[in-house]
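Working notes, beginning with the structure itself.
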Amino acid sequence: MGICSFLLIGFHYSDAVKGIANSLAARKAFVMNRIGDVGLLFACFMLLTTFHSLEFDQIATAVDSHSGFTFSNLTLLGITLCLFLAATGKSAQIPLFTWLPDAMAGPTPVSALIHAATMVTAGIYMVTRSNFLFELAPIAKDVMLYIGIATSLAAAFMALRQNDIKKVLAYSTVSQLGLMVVALGLGAYTVAIFHVTTHAFFKALLFLGSGSVIHGMHHEQDIRKMGGLRKAMPITHATFLMGTLAITGFPLLSGFYSKDEIIGHLFEANIGLYGVIMFSVLMTAVYMFRLYFLTFHGRFRGTEAQWSHVHESPLNMTIPLVILSVLSLVGGILNLPGIFFHKGSHWLSTYLNKSYGLHKIHGHEASPNLTLVLMIVASLVCLGTLGWAYQQYVKKGSVAKDDQDLSGWERLSARKLFWDEFYHRIWVLPTQCVGTFLNQKLEKRVFLAGVFGVAQWSKKGGEIMGRLQNGKLSSYLMWMVFGLTMLVLVFIIKATFWN
Amino acid sequence: MELVLLPLYFGLVAFIVSPKFGRYFILTASLTSLGAGLARLFSYQPDTYQTLFSLSKTNALGFSMEIGYDGLSLVMVGLSNLVFFLVALANLSKEESRSSLFNGLFLLMQFGLNGLFLAQDGLLFYVFWELALIPIFLILYWFGANDTQKTWFKFFLYTLFGSLGMLFSLIALTQFGFKSFAYEHLLKVVIPTQYACWIMSGFLLAFAIKIPIFPFHSWQANTYDAAPMAGTMLLSAIMLKMALFGLIKWMIPLNPVGLSFWQLPVIILGVVGILYGALIATRENNIKKVFAFASLSHLGLIVAGIMIFTQESLTASVVQMVNHSLIAIGLFLAANRLEVGFGSKELSTMGGIAKLAPTFGVWFGIITLIALSVPLTAGFLGEFLLIKSVFQFNLWLGVLSSLTLVLGAVYMLRSYQMSMMGAPAIATFEDLPVNEILVYFIITALTLFIGLFPEFLIQIIKPSIEQIILHTQNPALTIR
């Protein structure tokens with residue numbers, strides 16, 4: 001997957017303007033994922049040394065039975081943390097998430113397929129598969145919980161002031177993946193998979209929708225230059241609205257159920273963290289409605305020429321949108337909570353619980369009243385934001401500001417908390433400095449000069465020795481006498497002091 | 001016997017073959033040798049030893065002249081023949097292949113290398129060791145870049161200086177035992193503990209310079225840079241394998257006691273070499289030097305694997321040796337095409353070739369990925385097991401050596417993208433000729449084959465490695 005990702009992100013490699021930037025994004029994605037791979041590699045090594053196997057079921061049996069294998073909690077912690085490092089690479093979590101927004105350099109269908117729906121969820125899947133290890137390493141679960149919350153918050157914040165339609169969706173993906181990791185950290189593995197599924201529906205829909213917009217706008221991705229597109233692109237508009245509502249948790253849409261389950265679990269585990277994650281949910285609603293209204297409502301902000309060319313995309317682009325929007329609408333029935341019909345609820349969780357390790361983790365269900373209350377709170381957040389955004393962007397007609405007008409926090413958001421700059425300072429620059437130092441200084445001044453030095457010395461030595469061979473009998477005689485004297489001296493000293 | 005005599009015969013004939021047919025002759029000759037090697041390889045029964053030639057008893061000097069092979073030697077000879085064939089194929093369109101002098105030296109070098117891998121006698125090993133050096137020195141001297149004669153003398157003297165250490169150690173070994181250089185006699189030598197460290201140092205000096213192990217690498221980058229394409233390929237793909245082979249087959253089994261002195265220092269130097277080479281490769285601008293330092297980095301890991309000296313690490317080292325030979329040919333072939341196309345080796349002057357020469361773009365990309373040891377290739381298997389061995393030897397060295405994965409991605413992708421992507425920096429660029437496509441294809445097919453079916457290779461080398469390890473644990477056991 002890393003290779004596919006690399007090749008597809010770098011697809012537009014020969015673009016005269018952005019070719020190099022696209023290639024750099026591809027390389028960044030590959031290298032970041034490689035760091036995660038190192039984690040996976042070490043997890044494999046530790047598993048091999050501890051359990052002599054890499055098969056999921058054999059390790060699971062070994063962990064369960066404790067027979068014949070001795071392993072400490074520390075080993076398990078090491079294994080699970082290394083596995084999680086791999087997951088942060090693939091599933092774009094802090095500290096390795098920075099490649100995903102840049103990966104938007106790839107073609108939009110690629111973003112929809114692997115950078116939203118499938119590949120990035122590989123980390124979530126891998127952790128779910130290894131649940132039996134994580135269950136024995138509570139510290140690793142806590143690490144996941146907090147990393148998930150931090151990622152969800154940070155990415156949602158960064159998405160608030162992005163102006164590239166795909167970048168907003170990319171940060172949104174990171175933020176949603178953070179939510180899934182929260183679920184993993186809570187031990188609610190099936191819930192995480194449920195959110196993976198619904199997220200795949202609505203995020204693929206949103207990405208393809210954005211692709212349709214970009215296509216209609218002739219490769220314009222900046223939402224500052226869009227607006228009012230709902231008239232020109234009705235199908236794209238309707239389906240994009242469906243995706244937006246689903247991701248913001250509009251009542252009874254797919255995202256509503258899956259998000260609600262994660263939030264419910266979090267509420268039971270820690271009310272304080274529930275508050276924090278609700279803030280992230282609120283921000284999600286804010287940036288998604290901002291994106292939606294700025295793109296499809298208000299007046300058109302591009303050039304006249306652009307407006308005359310805006311058109312609805314052909315059927316082969318709109319039919320997938322319709323299918324995905326239906327799935328986004330009804331995807332929630334996969335895992336309905338028990339408050340509506342008890343029979344047939346939690347179909348997905350029940351199904352998944354049959355797989356290895358998960359059957360031991362009894363998914364408990366929150367009381368119906370609590371579920372209802374939480375659902376109402378979440379709905380209010382979504383609807384409230386919708387109302388506010390409508391007021392802000394449609395009634396007042398606010399538009400995205402230009403870069404130089406941004407206030408302090410907006411600049412932080414637009415520049416993604418200066419995260420890339422930070423990594424550049426602490427990783428890239430030092431490595432480059434060391435590399436340059438080794439190449440320019442150490443290699444040339446020490447190693448090359450060293451060998452030449454030795455050669456020069458032996459040459460000098462040869463010259464000095466050669467001078468002795470000067471053909472003068474008197475000089476030979478002098479050296480002979482000198483040598484003899486030294487020999488005699490040595491013998492005398494030896495006889496005097498070593499006896 | 002044909003494994004040694006064929007290249008010698010062809011080599012001598014090559015000097016008198018008309019230059020007009022020279023390149024076809026050299027191709028046929030190396031293909032014949034390859035065929036002979038493959039015939040031996042496919043008819044080989046694992047876990048057997050085959051004598052090819054032997055004096056019935058050692059002569060007055062202790063010289064037994066024995067030539068033969070076990071699994072390990074056979075794989076190395078096979079690799080040598082393969083490398084010579086691939087280099088001859090890659091070199092087909094180059095000017096050098098029209099010179100009888102070049103062709104003769106080329107095949108004589110093969111003679112030296114095959115003899116070295118088959119030698120079952122210490123003195124013979126030494127003789128072939130020096131014999132292989134002379135043709136490559138002359139190739140570099142006569143066909144290398146202009147005004148670089150000083151570089152060649154440095155290279156020659158440096159490696160010669162190292163070999164001297166090995167000669168001393170070999171002579172010292174005979175003094176403690178049977179006054180014989182025969183491998184089986186040398187194995188039985190009981191070295192007094194106080195000399196073990198010194199005897200190993202002598203071997204180590206020779207091998208460390210040739211491989212090269214950090215900090216003996218200073219000859220490498222400049223030599224690779226100034227050598228003609230075939231010379232660079234031969235140096236990196238097969239010359240340095242003789243030293244790695246020497247570590248496995250000669251240095252350690254003859255002197256297991258010495259390993260306890262040198263194991264940790266050499267492993268640390270290997271890991272330092274991994275990082276040192278990789279870090280420089282991420283900043284170097286000359287594409288041939290990038291690959292030279294990448295080679296230093298890869299070899300650091302192999303050396304560490306050999307010195308860890310377990311069944312797994314040795315097997316992985318041999319797999320990775322084969323893999324590295326194939327990659328080296330591919331990378332230097334690509335570097336040469338870029339150099340010829342741009343008239344410069346500087347990465348900063350390159351760009352956009354993938355649009356102009358799509359076939360080259362694809363094949364260079366594939367070789368880049370193979371060099372990155374992506375899953376399913378031999379490199380993935382080799383690196384996985386090697387890093388695992390280092391990890392089991394020492395946690396922190398393992399962590400450091402795993403950085404090769406990350407830094408490797410940086411320098412390989414950097415050199416690929418800087419040369420192939422972006423807007424074209426040149427108007428026209430000649431795409432691949434058929435012979436080069438064939439070279440890339442063979443390399444790709446073989447690395448995939450070894451990656452998918454490693455058992456084929458491993459079942460041949462495993463018994464040899466098992467015996468070597470058993471011998472080091474209990475020197476009373478002989479190998480074979």
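Just so we're on the same page: first chain in the structure tokens is A, next is B, and so on; residues restart at 1 for each chain, and ligands are numbered from 1 in the order they show up.
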
Surrounding residues of segment 112-127 of chain B excluding itself and chain neighbours under 6 positions, 7 Å, only C-alpha atoms, as a list in words
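In the requested format, the answer is Leu3, Val4, Phe63, Ser64, Met65, Glu66, Ile67, Gly68, Tyr69, Ser73, Met76, Val77, Ser80, Leu170, Phe181, Ala182 and Tyr183 of chain B.
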
Shell around segment 222-235 of chain A at 7 Å using only C-alpha atoms, local window under 2 positions removed, as a PyMOL selection string
chain A and resi 163-165+220+237-239+294-302+310-312+318+400

B:Leu452, B:Ala427, B:Ile327, B:Leu254: which is nearest Leu381 of chain B, counting only C-alpha atoms?
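Checking each candidate against Leu381 of chain B, we get B:Leu452 as the closest.
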
Just want the 8 Å neighbourhood of segment 304-309 of chain A, counted on only C-alpha atoms, with same-chain residues fewer than 5 positions away dropped. Output as a ChimeraX atom specification.
/A:216-218

Would you export the selected residues with N, CA and C atoms as an mmCIF file, in the first residue's frame, please?
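Produced file selection.cif, reproduced below:
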```cif
data_model
loop_
_atom_site.group_PDB
_atom_site.id
_atom_site.type_symbol
_atom_site.label_atom_id
_atom_site.label_comp_id
_atom_site.auth_asym_id
_atom_site.auth_seq_id
_atom_site.Cartn_x
_atom_site.Cartn_y
_atom_site.Cartn_z
ATOM 1 N N GLY A 216 -15.725 20.470 -12.396
ATOM 2 C CA GLY A 216 -16.614 21.492 -12.932
ATOM 3 C C GLY A 216 -15.958 22.863 -12.959
ATOM 4 N N MET A 217 -15.067 23.102 -12.011
ATOM 5 C CA MET A 217 -14.396 24.397 -11.914
ATOM 6 C C MET A 217 -13.092 24.442 -12.704
ATOM 7 N N HIS A 218 -12.809 23.401 -13.441
ATOM 8 C CA HIS A 218 -11.563 23.336 -14.211
ATOM 9 C C HIS A 218 -10.342 23.487 -13.337
#
```

Would you please work out which residue, of A:Asp420, A:Asp403, A:Asp37, A:Asp260, is nearest to chain B when using only C-alpha atoms?
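Ranking A:Asp420, A:Asp403, A:Asp37, A:Asp260 by distance to chain B, first place goes to A:Asp37.
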
Based on only C-alpha atoms, which of the residues in chain A come within 7 Å of chain B? I want them as a list in words.
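Taken together, these residues fit the definition: Tyr13, Ser14, Asp15, Ala16, Gly19, Ile20, Ser23, Arg27, Val31, Arg34, Ile35, Val38, Phe45, Gln432, Gly435, Thr436, Leu438, Asn439, Phe447 and Leu448 of chain A.
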
Residues just named, written with C-alpha atoms as a PDB file, in the first residue's frame:
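Final file, selection-v7.pdb:
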```
ATOM      1  CA  TYR A  13       4.961  14.252 -11.306  1.00  0.00           C
ATOM      2  CA  SER A  14       5.779  16.126 -14.501  1.00  0.00           C
ATOM      3  CA  ASP A  15       3.520  19.118 -13.891  1.00  0.00           C
ATOM      4  CA  ALA A  16       5.667  22.124 -14.683  1.00  0.00           C
ATOM      5  CA  GLY A  19       5.565  18.500 -10.264  1.00  0.00           C
ATOM      6  CA  ILE A  20       8.332  18.796  -7.722  1.00  0.00           C
ATOM      7  CA  SER A  23       6.905  14.349  -5.831  1.00  0.00           C
ATOM      8  CA  ARG A  27       8.220  11.011  -0.818  1.00  0.00           C
ATOM      9  CA  VAL A  31       9.114   8.125   4.429  1.00  0.00           C
ATOM     10  CA  ARG A  34       8.452   3.864   6.608  1.00  0.00           C
ATOM     11  CA  ILE A  35       8.869   5.227  10.137  1.00  0.00           C
ATOM     12  CA  VAL A  38       9.929   0.333  11.578  1.00  0.00           C
ATOM     13  CA  PHE A  45      10.701  -9.052  16.151  1.00  0.00           C
ATOM     14  CA  GLN A 432      20.604  17.452   6.579  1.00  0.00           C
ATOM     15  CA  GLY A 435      24.717  14.650   6.358  1.00  0.00           C
ATOM     16  CA  THR A 436      26.355  17.741   4.930  1.00  0.00           C
ATOM     17  CA  LEU A 438      29.834  14.232   7.225  1.00  0.00           C
ATOM     18  CA  ASN A 439      30.008  14.650   3.476  1.00  0.00           C
ATOM     19  CA  PHE A 447      39.196  10.283   5.767  1.00  0.00           C
ATOM     20  CA  LEU A 448      40.530  11.368   2.419  1.00  0.00           C
TER      21      LEU A 448
END
```

Once DSSP has gone over the backbone, tell me which residues of segment 259-372 of chain A are in helix (DSSP H, G or I), as JSON, numbers by chain.
{"A": [259, 260, 261, 262, 263, 264, 265, 266, 267, 268, 269, 271, 272, 273, 274, 275, 276, 277, 278, 279, 280, 281, 282, 283, 284, 285, 286, 287, 288, 289, 290, 291, 292, 293, 294, 295, 296, 304, 305, 306, 307, 308, 309, 315, 316, 317, 318, 319, 320, 321, 322, 323, 324, 325, 326, 327, 328, 329, 330, 331, 332, 333, 334, 335, 347, 348, 349, 350, 351, 352, 358, 359, 360, 368, 369, 370, 371, 372]}

Could you check the closest approach to Pro95 of chain A for each of A:Ser53, A:Ser474, A:Thr197, A:Asn33 and tell me which residue wins, using only C-alpha atoms?
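Residue with the minimum atom-to-atom distance to Pro95 of chain A: A:Asn33.
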
Counting only C-alpha atoms, what is within 10 Å of Leu417 of chain A, bar same-chain residues fewer than 5 positions away, as a list of chain:residue names?
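Counting only the stated atoms, we get A:Ala154, A:Ala155, A:Phe157, A:Met158, A:Trp409, A:Glu410, A:Arg411, A:Leu412, A:Phe422.
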
Using the selection just defined, write its residues with N, CA and C atoms as a tab-separated table (two decimals), in the first residue's frame.
```tsv
chain	number	residue	atom	x	y	z
A	154	ALA	N	-6.65	18.40	17.21
A	154	ALA	CA	-5.69	19.20	16.45
A	154	ALA	C	-6.11	19.28	14.99
A	155	ALA	N	-6.51	18.13	14.43
A	155	ALA	CA	-6.85	18.11	13.01
A	155	ALA	C	-8.12	18.91	12.76
A	157	PHE	N	-9.12	21.42	14.46
A	157	PHE	CA	-8.75	22.83	14.56
A	157	PHE	C	-8.08	23.31	13.26
A	158	MET	N	-7.17	22.47	12.74
A	158	MET	CA	-6.47	22.86	11.51
A	158	MET	C	-7.43	23.00	10.34
A	409	TRP	N	-5.27	33.06	15.92
A	409	TRP	CA	-5.64	31.65	15.92
A	409	TRP	C	-5.92	31.15	14.52
A	410	GLU	N	-6.43	32.04	13.68
A	410	GLU	CA	-6.74	31.60	12.32
A	410	GLU	C	-5.47	31.25	11.56
A	411	ARG	N	-4.44	32.05	11.82
A	411	ARG	CA	-3.16	31.76	11.18
A	411	ARG	C	-2.62	30.40	11.64
A	412	LEU	N	-2.76	30.17	12.96
A	412	LEU	CA	-2.34	28.87	13.51
A	412	LEU	C	-3.05	27.73	12.81
A	422	PHE	N	7.83	22.73	12.49
A	422	PHE	CA	8.43	22.14	13.68
A	422	PHE	C	9.22	20.88	13.34
```

Test item: residues at most 10 Å from Phe153 of chain B, only C-alpha atoms, excluding those fewer than 6 positions along its chain, as number ranges by chain:
B: 137, 140-141, 159

Using only N, CA and C atoms, please write the residues we just selected to a file, as a compact mmCIF listing (two decimals), in the first residue's frame.
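Printed below is again-v5.txt as written:
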```txt
# COMPACT_ATOMS: atom_id res chain seq x y z
N PHE B 137 42.41 -3.44 -11.48
CA PHE B 137 43.26 -2.25 -11.40
C PHE B 137 43.63 -1.76 -12.80
N LEU B 140 40.65 -0.19 -14.50
CA LEU B 140 40.43 1.17 -14.01
C LEU B 140 41.49 2.11 -14.54
N TYR B 141 42.75 1.62 -14.56
CA TYR B 141 43.85 2.48 -14.94
C TYR B 141 43.77 2.89 -16.40
N THR B 159 44.41 -1.49 -1.00
CA THR B 159 43.95 -2.87 -0.88
C THR B 159 45.14 -3.82 -0.76
```

One-decimal distance in Å that lies between atom CA of Leu107 of chain B and atom CA of Pro7 of chain B
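Between these atoms lies a distance of 5.5 Å.
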
As a list in words, please: the residues near Leu374 of chain A (cut-off 10 Å, only C-alpha atoms, same-chain neighbours under 5 positions excluded).
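Selected residues are Asp260, Glu261, Ile263, Gly264, Phe267, Pro368, Asn369, Ser379 and Leu380 of chain A.
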
Take the residues from that selection and write them out as a PDB file, in the first residue's frame, keeping N, CA and C atoms.
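out30.pdb, freshly written:
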```pdb
ATOM      1  N   ASP A 260     -21.951   8.571  17.662  1.00  0.00           N
ATOM      2  CA  ASP A 260     -22.617   8.543  18.943  1.00  0.00           C
ATOM      3  C   ASP A 260     -22.168   7.377  19.812  1.00  0.00           C
ATOM      4  N   GLU A 261     -21.906   6.261  19.170  1.00  0.00           N
ATOM      5  CA  GLU A 261     -21.452   5.094  19.945  1.00  0.00           C
ATOM      6  C   GLU A 261     -20.110   5.371  20.604  1.00  0.00           C
ATOM      7  N   ILE A 263     -18.828   8.310  21.295  1.00  0.00           N
ATOM      8  CA  ILE A 263     -18.993   9.324  22.331  1.00  0.00           C
ATOM      9  C   ILE A 263     -19.629   8.714  23.585  1.00  0.00           C
ATOM     10  N   GLY A 264     -20.578   7.805  23.353  1.00  0.00           N
ATOM     11  CA  GLY A 264     -21.222   7.154  24.482  1.00  0.00           C
ATOM     12  C   GLY A 264     -20.240   6.374  25.329  1.00  0.00           C
ATOM     13  N   PHE A 267     -18.157   8.779  27.262  1.00  0.00           N
ATOM     14  CA  PHE A 267     -18.883   9.391  28.366  1.00  0.00           C
ATOM     15  C   PHE A 267     -18.828   8.491  29.589  1.00  0.00           C
ATOM     16  N   PRO A 368     -30.618   2.944  27.989  1.00  0.00           N
ATOM     17  CA  PRO A 368     -31.341   3.646  26.919  1.00  0.00           C
ATOM     18  C   PRO A 368     -31.481   5.143  27.212  1.00  0.00           C
ATOM     19  N   ASN A 369     -31.709   5.467  28.464  1.00  0.00           N
ATOM     20  CA  ASN A 369     -31.896   6.881  28.785  1.00  0.00           C
ATOM     21  C   ASN A 369     -30.644   7.684  28.477  1.00  0.00           C
ATOM     22  N   SER A 379     -27.171  15.885  18.641  1.00  0.00           N
ATOM     23  CA  SER A 379     -28.020  16.458  17.606  1.00  0.00           C
ATOM     24  C   SER A 379     -28.077  17.967  17.736  1.00  0.00           C
ATOM     25  N   LEU A 380     -28.171  18.417  18.997  1.00  0.00           N
ATOM     26  CA  LEU A 380     -28.245  19.857  19.217  1.00  0.00           C
ATOM     27  C   LEU A 380     -26.978  20.549  18.738  1.00  0.00           C
TER      28      LEU A 380
END
```

Top pick for closest residue to Val394 of chain A, considering A:Ala269, A:Val174, A:Phe289, A:Leu113 and counting only C-alpha atoms
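The answer is A:Phe289, which sits nearest to Val394 of chain A.
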